[in-house]
Structure formats: C-alpha cells, structure tokens
Amino acid sequence: MERNYRILPSYLDWTAVPYRIYKNWQRNRPKDIPNIDFKLKEYLVNSEGLQRTNFMLKTGAIGSKDSLRVLFYGQSITRGLNSEHIIDQMQSINPGVKIIFDNKSIGGFTAKHLVRTLEHDVIPFRPDLIVFHVYGGVEDRKLEGIFHQFKTRTTAEVLIYNHHLNAESNLKERNEQWLKDDVGSNKLQELCFKYGFALLDIRSLWKDYLKRNPEILLPVLMKDAIHPNRNGNYLIESAIISAFSEQETAVHWADKNEKLIHEIQLGKGYVTLDSILNTDNAQLIPRSDFLLLTQGKLEVTFTGFRIELISPLNIPSSEGAKVKFLIDGKPLSEWKKTYFVTRPSRSLDYFTPALKRVNLVGTQVRDEYELIITFIDHDKKEISYEVFSKSNGFEGNGSNQSVFESKSGRIRINPSDFYIFESDVHTQSRTSKGFKINWKVQPYIGDYAVYSSKNTQTNDIFELSNKTHKLSIELIEGSRPFPISAFRIYSPHKMNN
C-alpha cells in the first residue's frame with residue numbers, strides 16, 4: 001500500500017488526509033475505557049534507533065530520498081494492528097513524505113518460522129523501517145537470527161515492541177505464561193541494545209495503565225487469552241505512533257548517522273568524485289544537477305549491498321535512452337541475489353504459506369514454479385511431489401524426507417520448510433494429492449534500463465554481497481543520452497555473529 005498525497009490536487013492535500021485520519025480514528029478508538037493520560041514516550045527505549053525515520057518525517061527528505069518504506073512484520077498480534085491508522089498518523093507529521101507500507105505478518109508463526117519466511121517477505125520489500133513483534137526463539141536463538149538478518153541484510157531502522165499481558169483464565173497458567181513472557185520481553189530488550197534497535201516496552205505500559213485505571217480489568221483489553229481486542233490494540237498503536245509524533249526533530253542526525261545510506265549528487269561538481277567515478281571510457285555532459293551519458297561506459301566503485309541509480313524528471317530529449325548494467329563485469333542476471341522469490345502460496349483453507357522458504361541457487365531467470373503433491377500420508381507425515389517451471393518444464397521429483405534440487409540447478413527446497421501438516425491441524429482439513437503450491441522468481445531490476453521523462457526514475461540494484469563492487473553503466477549504441485542525477489549506496493552493518 002502507498003500513501004503519496006502529493007500526487008493529489010492541492011485542494012485535496014488539506015481535505016483527504018484529515019478525513020482519512022478521522023475515519024481511522026473513529027474505527028480504531030477504544031470503547032468504554034479511559035484514554036491514556038501519561039507520557040507514552042517514556043516507554044520508548046533506545047530512541048536513537050529511530051533518528052533517521054524521525055528526521056525524514058520532520059524534514060521531508062534525506063538528500064533526494066523523499067519516500068519511506070515501512071513494513072509491519074510478526075505474528076497475529078502485529079497482523080491485528082490497524083497499520084493504516086498508524087501510517088496515517090505518521091503521514092500527518094509531514095504530508096509531503098511518500099510512505100509506502102505493508103503488513104506481511106503471519107498469524108501463528110513464531111520466531112523459528114519467521115526466520116525462514118523473512119527471505120520472501122522482508123528482504124525484497126527493502127524497508128526503511130520495520131515494526132516487529134514475535135514470540136519464541138529465545139532458547140534456539142532463532143529470535144537473534146531474525147535480528148541479525150534485519151541488521152546485516154537491510155539498512156532499516158527497527159522498532160520492536162515486547163509482549164503485552166496474557167489473559168489466561170486459569171490463574172496458575174496465567175502466572176506461568178507471565179513469567180515466560182517476562183523472559184521473552186527481557187530478551188527482546190537485550191537484543192535491541194545489542195543491535196541498536198528501538199524498543200517499546202508495551203508490557204510495562206499495560207501494567208501501568210491497569211494500575212492507573214483499577215476499574216479496568218485485563219479481559220477488557222483482550223479478545224481471547226492471547227489476542228488484544230480493539231481496546232488492547234489501541235494501547236499498542238498509540239505507543240507506536242508516539243515513537244514518532246512525540247519525538248523531537250533529530251536535527252543532528254546527519255552528523256551522527258553511521259552512513260548506512262550514502263548519496264552522491266551529480267552535476268557540474270562531479271569532477272570532485274574521481275575517487276569513485278571512472279569516466280575514462282565515457283563521454284559526459286554536465287548539467288546543473290545531473291550528468292548526461294552521451295557515449296561509452298561510466299564506472300562507479302562503491303562499498304555496499306545495494307546501489308540506486310537515480311535519473312531526473314522531465315528530460316524529454318532523453319526519452320527512451322537505454323543503458324546496460326554490469327556488476328564487477330557480469331550482467332545482473334548472473335547474480336542470483338539480484339532475484340527474489342515471492343512468498344509461496346497458502347496452505348489448504350489457511351492463511352499460512354504452505355512452504356516457508358524456497359532457496360535460489362545458480363544463475364537465475366524470471367520464472368514461475370508449481371509444486372504438485374503426488375503422494376501424502378498424514379499419519380507418517382510424508383509428502384512426495386513434482387516441480388515444474390515455466391521456462392524449463394519438469395524440474396524433478398522430491399519429498400519432505402530430503403533436500404530437493406531442481407534439474408535446472410536454480411531451486412532448492414529444504415524438507416523442514418513444508419508447513420502443510422501444521423496448517424491442517426489448525427483447520428481440521430486434510431491436504432490431498434494434487435494440491436499445488438506456486439511461487440515466482442523475479443528480478444529486482446533487469447540487465448537494461450530505459451529512461452522515461454514522466455517520472456523521477458530509480459534503478460535499484462539490490463542484494464549484492466556487502467563489499468566493494470564496480471557498477472558499469474554502458475550506453476547502448478545509437479541510444480539517446482542517458483541522464484543520471486545521483487547514486488544512492490546502501491551499506492548495512494557487518495557483524496561477527
């Protein structure tokens with residue numbers, strides 16, 4: 001989903017946004033419980049972890065970057081939030097910021113499952129901000145595995161919130177769950193400090209709210225023993241909104257940030273960039289705020305896992321200009337990680353993916369896959385299947401007893417990533433022979449780019465190894481000059497564990 005009120009007529013800028021906010025507030029407001037009458041920002045720990053997001057919301061942009069990609073991720077607790085209401089409140093801080101968001105949470109998927117699915121859900125989304133909550137993963141370190149991937153495979157800021165209060169009717173079971181959730185919440189805080197993420201202490205907020213309002217009993221906030229109702233979600237959503245709306249402008253962010261995102265502006269001053277730009281094989285015409293590649297090949301040396309090539313708006317003389325990209329001398333199609341796999345299709349009668357992860361190996365092409373179950377034994381928990389691809393046809397037979405590798409050498413499936421039997425338990429369904437699981441392999445960007453003067457154009461080369469690379473931009477013979485206004489380089493943290 002996307003919020004970009006700047007594309008609306010000017011008179012709607014002042015009517016549509018407040019109306020949306022009002023309607024979402026009306027739908028989201030709590031019923032028959034007191035409003036929060038204390039400072040929510042006191043429950044935000046390590047607020048430095050949100051400085052870049054707050055800086056962008058207050059000032060409107062960082063360099064030429066004026067969009068914010070926000071991903072809500074986790075289980076049913078995060079799925080149940082009114083993420084649209086949260087985004088509208090963030091948008092109200094600065095209607096000029098383009099906010100693109102999605103909620104890809106999967107109900108019932110604890111840390112040991114989400115550490116697998118984030119490959120399809122989080123990494124391809126390329127978030128600037130992740131709002132996250134999950135249960136489990138403390139003892140088997142799957143929780144830290146998620147944190148580690150957030151830190152080393154994205155440049156996102158991350159807002160974690162810990163566990164609200166459980167409302168088991170049996171007092172003994174409730175006390176046991178509270179102790180377990182205390183441990184989990186403490187681990188979340190520990191990992192937030194280790195990885196530099198912000199934390200909302202929802203657990204303490206709920207305890208304080210109930211203490212300040214003794215007439216409110218815990219079940220008033222709950223839909224069942226685990227899930228908050230509208231009232232409980234109101235407390236969580238209000239705290240998330242406060243992490244942005246109640247924060248002071250991070251005026252010194254540009255001086256303090258760790259340069260995870262580095263932008264190189266081009267134009268008449270480009271000659272100062274000889275350390276990264278090799279212009280020997282290129283003919284360039286500098287304009288005030290962009291360069292025109294008129295012939296040959298421009299090379300850019302950068303350190304990071306992602307680079308965006310940004311072209312300016314409204315250069316009609318370059319309409320249809322075409323360039324070819326190479327990374328370290330190879331076309332992008334030869335880099336397997338410049339492709340991603342969409343989340344595999346759902347289980348029978350259930351919202352969870354039937355397959356948690358599909359791994360890419362070898363050289364990739366844009367493709368579509370179908371896995372067909374040929375045998376299933378619910379008692380022995382055994383599955384046999386065939387896989388077909390659009391480009392290659394029959395890719396081979398497999399089972400959930402061993403690793404599958406496709407005949408084309410492009411796909412690998414681990415047996416532990418099937419989630420068919422677990423979903424059948426939830427729905428009381430029985431997946432049968434002939435059931436199909438589908439997914440697609442898509443490139444982040446092709447080997448070529450064609451300029452369009454109608455929009456500011458960003459060519460995003462993503463998921464390289466996080467090291468020094470050389471990007472070559474070669475003008476296709478006979479093409480019109482190709483305009484380039486900036487390069488934006490993303491360099492996530494490198495961690496030992």
# chains A, B, ... in the order shown; residues from 1 in each chain; ligands from 1
>>> closest_atom_pairs(of="range 333-408 of chain A", to="range 116-130 of chain A", cutoff="9 Å", atoms="only C-alpha atoms", output="CSV")
residue,atom,partner,partner_atom,distance
A:Tyr339,CA,A:Pro124,CA,8.9
A:Phe340,CA,A:Pro124,CA,6.6
A:Val341,CA,A:His120,CA,5.9
A:Thr342,CA,A:His120,CA,5.6
A:Arg343,CA,A:His120,CA,5.2
A:Pro344,CA,A:His120,CA,8.4
A:Pro353,CA,A:Thr117,CA,8.7
A:Leu355,CA,A:Thr117,CA,8.8
A:Lys356,CA,A:Thr117,CA,5.3
A:Arg357,CA,A:Thr117,CA,5.8
A:Val358,CA,A:His120,CA,8.5
A:Asn359,CA,A:Glu119,CA,8.8
>>> write_last_selection(atoms="all heavy atoms", output="tab-separated table (two decimals), in the first residue's frame")
chain	number	residue	atom	x	y	z
A	339	TYR	N	17.82	-11.49	-7.78
A	339	TYR	CA	16.48	-12.05	-7.96
A	339	TYR	C	15.90	-12.38	-6.59
A	339	TYR	O	16.64	-12.60	-5.63
A	339	TYR	CB	16.52	-13.32	-8.80
A	339	TYR	CG	16.81	-13.10	-10.27
A	339	TYR	CD1	18.10	-12.83	-10.70
A	339	TYR	CD2	15.79	-13.17	-11.22
A	339	TYR	CE1	18.37	-12.64	-12.05
A	339	TYR	CE2	16.06	-12.98	-12.57
A	339	TYR	CZ	17.35	-12.71	-12.97
A	339	TYR	OH	17.62	-12.52	-14.30
A	340	PHE	N	14.59	-12.43	-6.53
A	340	PHE	CA	13.95	-12.84	-5.28
A	340	PHE	C	12.78	-13.77	-5.59
A	340	PHE	O	12.27	-13.82	-6.72
A	340	PHE	CB	13.47	-11.63	-4.47
A	340	PHE	CG	12.33	-10.86	-5.12
A	340	PHE	CD1	11.01	-11.12	-4.77
A	340	PHE	CD2	12.59	-9.88	-6.06
A	340	PHE	CE1	9.97	-10.42	-5.35
A	340	PHE	CE2	11.55	-9.17	-6.65
A	340	PHE	CZ	10.24	-9.44	-6.29
A	341	VAL	N	12.36	-14.50	-4.56
A	341	VAL	CA	11.24	-15.43	-4.67
A	341	VAL	C	10.04	-14.84	-3.93
A	341	VAL	O	10.17	-14.41	-2.78
A	341	VAL	CB	11.60	-16.80	-4.06
A	341	VAL	CG1	10.42	-17.77	-4.19
A	341	VAL	CG2	12.83	-17.38	-4.72
A	342	THR	N	8.90	-14.80	-4.59
A	342	THR	CA	7.69	-14.35	-3.90
A	342	THR	C	7.29	-15.37	-2.84
A	342	THR	O	7.67	-16.55	-2.91
A	342	THR	CB	6.53	-14.18	-4.90
A	342	THR	OG1	6.27	-15.44	-5.54
A	342	THR	CG2	6.88	-13.14	-5.95
A	343	ARG	N	6.52	-14.93	-1.84
A	343	ARG	CA	6.07	-15.87	-0.82
A	343	ARG	C	5.25	-16.99	-1.47
A	343	ARG	O	4.31	-16.72	-2.21
A	343	ARG	CB	5.21	-15.16	0.23
A	343	ARG	CG	4.75	-16.10	1.36
A	343	ARG	CD	3.63	-15.51	2.18
A	343	ARG	NE	4.06	-14.45	3.06
A	343	ARG	CZ	3.23	-13.81	3.91
A	343	ARG	NH1	1.95	-14.14	3.96
A	343	ARG	NH2	3.70	-12.84	4.67
A	344	PRO	N	5.59	-18.26	-1.21
A	344	PRO	CA	4.80	-19.37	-1.77
A	344	PRO	C	3.34	-19.29	-1.35
A	344	PRO	O	2.99	-18.71	-0.32
A	344	PRO	CB	5.49	-20.61	-1.18
A	344	PRO	CG	6.90	-20.17	-0.95
A	344	PRO	CD	6.79	-18.74	-0.51
A	353	PRO	N	1.71	-19.71	4.60
A	353	PRO	CA	2.28	-20.29	3.37
A	353	PRO	C	2.47	-21.79	3.54
A	353	PRO	O	2.86	-22.27	4.60
A	353	PRO	CB	3.62	-19.56	3.21
A	353	PRO	CG	3.95	-19.05	4.58
A	353	PRO	CD	2.65	-18.77	5.25
A	355	LEU	N	4.68	-23.47	2.12
A	355	LEU	CA	6.12	-23.69	2.08
A	355	LEU	C	6.78	-22.42	2.58
A	355	LEU	O	6.52	-21.33	2.07
A	355	LEU	CB	6.54	-24.00	0.63
A	355	LEU	CG	7.94	-24.50	0.34
A	355	LEU	CD1	8.23	-25.80	1.08
A	355	LEU	CD2	8.10	-24.71	-1.17
A	356	LYS	N	7.59	-22.55	3.63
A	356	LYS	CA	8.13	-21.36	4.27
A	356	LYS	C	9.22	-20.68	3.46
A	356	LYS	O	9.35	-19.45	3.47
A	356	LYS	CB	8.66	-21.71	5.67
A	356	LYS	CG	7.57	-22.08	6.65
A	356	LYS	CD	8.11	-22.38	8.03
A	356	LYS	CE	8.81	-23.73	8.08
A	356	LYS	NZ	9.22	-24.10	9.45
A	357	ARG	N	10.03	-21.45	2.77
A	357	ARG	CA	11.12	-20.85	2.00
A	357	ARG	C	11.46	-21.69	0.78
A	357	ARG	O	11.47	-22.91	0.84
A	357	ARG	CB	12.38	-20.67	2.86
A	357	ARG	CG	13.54	-20.05	2.08
A	357	ARG	CD	14.80	-19.86	2.90
A	357	ARG	NE	14.66	-18.83	3.90
A	357	ARG	CZ	15.69	-18.32	4.59
A	357	ARG	NH1	16.92	-18.76	4.37
A	357	ARG	NH2	15.48	-17.40	5.49
A	358	VAL	N	11.76	-20.98	-0.30
A	358	VAL	CA	12.35	-21.58	-1.50
A	358	VAL	C	13.69	-20.88	-1.71
A	358	VAL	O	13.76	-19.65	-1.74
A	358	VAL	CB	11.46	-21.39	-2.73
A	358	VAL	CG1	12.16	-21.91	-3.98
A	358	VAL	CG2	10.11	-22.07	-2.54
A	359	ASN	N	14.76	-21.66	-1.84
A	359	ASN	CA	16.10	-21.09	-1.96
A	359	ASN	C	16.53	-21.01	-3.41
A	359	ASN	O	16.27	-21.93	-4.21
A	359	ASN	CB	17.10	-21.96	-1.18
A	359	ASN	CG	16.77	-22.04	0.29
A	359	ASN	OD1	16.91	-21.09	1.03
A	359	ASN	ND2	16.28	-23.21	0.72
>>> select_by_dssp(residues="range 361-479 of chain A", states="helix (DSSP H, G or I)", output="ChimeraX atom specification")
/A:415-417,420-427
>>> atom_distance(atom1="CA of Ile437 in chain A", atom2="CA of Phe147 in chain A")
28.7 Å
>>> residues_around(residues="range 187-192 of chain A", least_positions_apart="5", cutoff="10 Å", atoms="only C-alpha atoms", output="PyMOL selection string")
chain A and resi 45-46+49+133-135+137-138+143-144+147-148+158-163+181-182+197-201
>>> select_by_dssp(residues="range 15-188 of chain A", states="strand (DSSP E)", output="list of chain:residue names")
A:Leu44, A:Val45, A:Ser67, A:Leu68, A:Arg69, A:Val70, A:Leu71, A:Phe72, A:Tyr73, A:Gly74, A:Lys98, A:Ile99, A:Ile100, A:Phe101, A:Asp102, A:Asn103, A:Leu129, A:Ile130, A:Val131, A:Phe132, A:His133, A:Glu157, A:Val158, A:Leu159, A:Ile160, A:Tyr161
>>> write_last_selection(atoms="N, CA and C atoms", output="CSV table (one decimal), in the first residue's frame")
chain,number,residue,atom,x,y,z
A,44,LEU,N,9.5,4.3,25.4
A,44,LEU,CA,10.4,4.0,24.3
A,44,LEU,C,11.8,3.9,24.7
A,45,VAL,N,12.5,2.8,24.5
A,45,VAL,CA,13.8,2.6,24.9
A,45,VAL,C,14.7,2.6,23.7
A,67,SER,N,10.9,9.2,0.1
A,67,SER,CA,10.0,8.2,0.4
A,67,SER,C,10.4,7.3,1.5
A,68,LEU,N,9.5,6.8,2.3
A,68,LEU,CA,9.7,6.0,3.4
A,68,LEU,C,9.0,4.7,3.3
A,69,ARG,N,9.7,3.5,3.3
A,69,ARG,CA,9.1,2.2,3.1
A,69,ARG,C,9.0,1.6,4.5
A,70,VAL,N,7.8,1.3,5.0
A,70,VAL,CA,7.5,0.8,6.3
A,70,VAL,C,6.9,-0.6,6.2
A,71,LEU,N,7.5,-1.5,6.9
A,71,LEU,CA,7.0,-2.9,6.9
A,71,LEU,C,6.6,-3.3,8.4
A,72,PHE,N,5.4,-3.8,8.5
A,72,PHE,CA,4.9,-4.4,9.8
A,72,PHE,C,5.1,-5.9,9.6
A,73,TYR,N,5.8,-6.5,10.6
A,73,TYR,CA,6.1,-7.9,10.5
A,73,TYR,C,6.0,-8.6,11.8
A,74,GLY,N,5.6,-9.8,11.8
A,74,GLY,CA,5.4,-10.6,13.1
A,74,GLY,C,4.3,-11.7,12.9
A,98,LYS,N,6.4,10.6,1.1
A,98,LYS,CA,5.7,9.5,0.4
A,98,LYS,C,5.9,8.3,1.3
A,99,ILE,N,4.9,7.7,1.8
A,99,ILE,CA,5.0,6.5,2.7
A,99,ILE,C,4.4,5.3,2.0
A,100,ILE,N,5.3,4.3,1.8
A,100,ILE,CA,4.9,3.0,1.2
A,100,ILE,C,4.9,2.0,2.3
A,101,PHE,N,3.8,1.2,2.5
A,101,PHE,CA,3.8,0.3,3.6
A,101,PHE,C,3.1,-1.0,3.3
A,102,ASP,N,3.4,-2.0,4.1
A,102,ASP,CA,2.7,-3.2,4.0
A,102,ASP,C,2.7,-3.9,5.4
A,103,ASN,N,1.7,-4.8,5.6
A,103,ASN,CA,1.7,-5.6,6.8
A,103,ASN,C,1.8,-7.1,6.3
A,129,LEU,N,12.0,1.2,7.5
A,129,LEU,CA,11.5,1.0,8.9
A,129,LEU,C,10.8,-0.3,9.0
A,130,ILE,N,11.1,-1.1,10.1
A,130,ILE,CA,10.4,-2.4,10.3
A,130,ILE,C,9.8,-2.2,11.7
A,131,VAL,N,8.5,-2.5,11.8
A,131,VAL,CA,7.8,-2.5,13.1
A,131,VAL,C,7.5,-4.0,13.4
A,132,PHE,N,8.1,-4.5,14.5
A,132,PHE,CA,8.2,-6.0,14.6
A,132,PHE,C,7.8,-6.5,16.0
A,133,HIS,N,7.1,-7.6,16.1
A,133,HIS,CA,6.9,-8.3,17.3
A,133,HIS,C,6.8,-9.8,17.0
A,157,GLU,N,15.8,1.0,10.0
A,157,GLU,CA,15.6,1.1,11.4
A,157,GLU,C,14.5,0.2,11.8
A,158,VAL,N,14.6,-0.3,13.1
A,158,VAL,CA,13.7,-1.3,13.5
A,158,VAL,C,13.1,-0.9,14.9
A,159,LEU,N,11.8,-1.0,14.9
A,159,LEU,CA,11.1,-0.7,16.2
A,159,LEU,C,10.5,-2.0,16.7
A,160,ILE,N,11.0,-2.5,17.8
A,160,ILE,CA,10.5,-3.7,18.4
A,160,ILE,C,9.5,-3.4,19.5
A,161,TYR,N,8.4,-4.1,19.6
A,161,TYR,CA,7.7,-4.0,20.9
A,161,TYR,C,7.5,-5.3,21.6
>>> atom_distance(atom1="CA of Lys470 in chain A", atom2="CA of Ser317 in chain A")
28.3 Å
>>> closest_residue(among="A:Glu42, A:Glu48, A:Glu168, A:Asp66", to="Leu218 in chain A", atoms="only C-alpha atoms")
A:Glu168
>>> closest_atom_pairs(of="range 418-493 of chain A", to="range 365-374 of chain A", cutoff="6 Å", atoms="only C-alpha atoms", output="tab-separated table")
residue	atom	partner	partner_atom	distance
A:Lys433	CA	A:Thr374	CA	5.2
A:Gly434	CA	A:Ile373	CA	5.1
A:Phe435	CA	A:Ile373	CA	5.5
A:Lys436	CA	A:Ile372	CA	4.6
A:Ile437	CA	A:Leu371	CA	5.0
A:Asn438	CA	A:Glu370	CA	4.6
A:Trp439	CA	A:Tyr369	CA	5.5
A:Lys440	CA	A:Glu368	CA	4.4
A:Val441	CA	A:Asp367	CA	5.1
A:Gln442	CA	A:Arg366	CA	4.9
>>> atom_distance(atom1="CA of Lys207 in chain A", atom2="CA of Leu81 in chain A")
19.7 Å
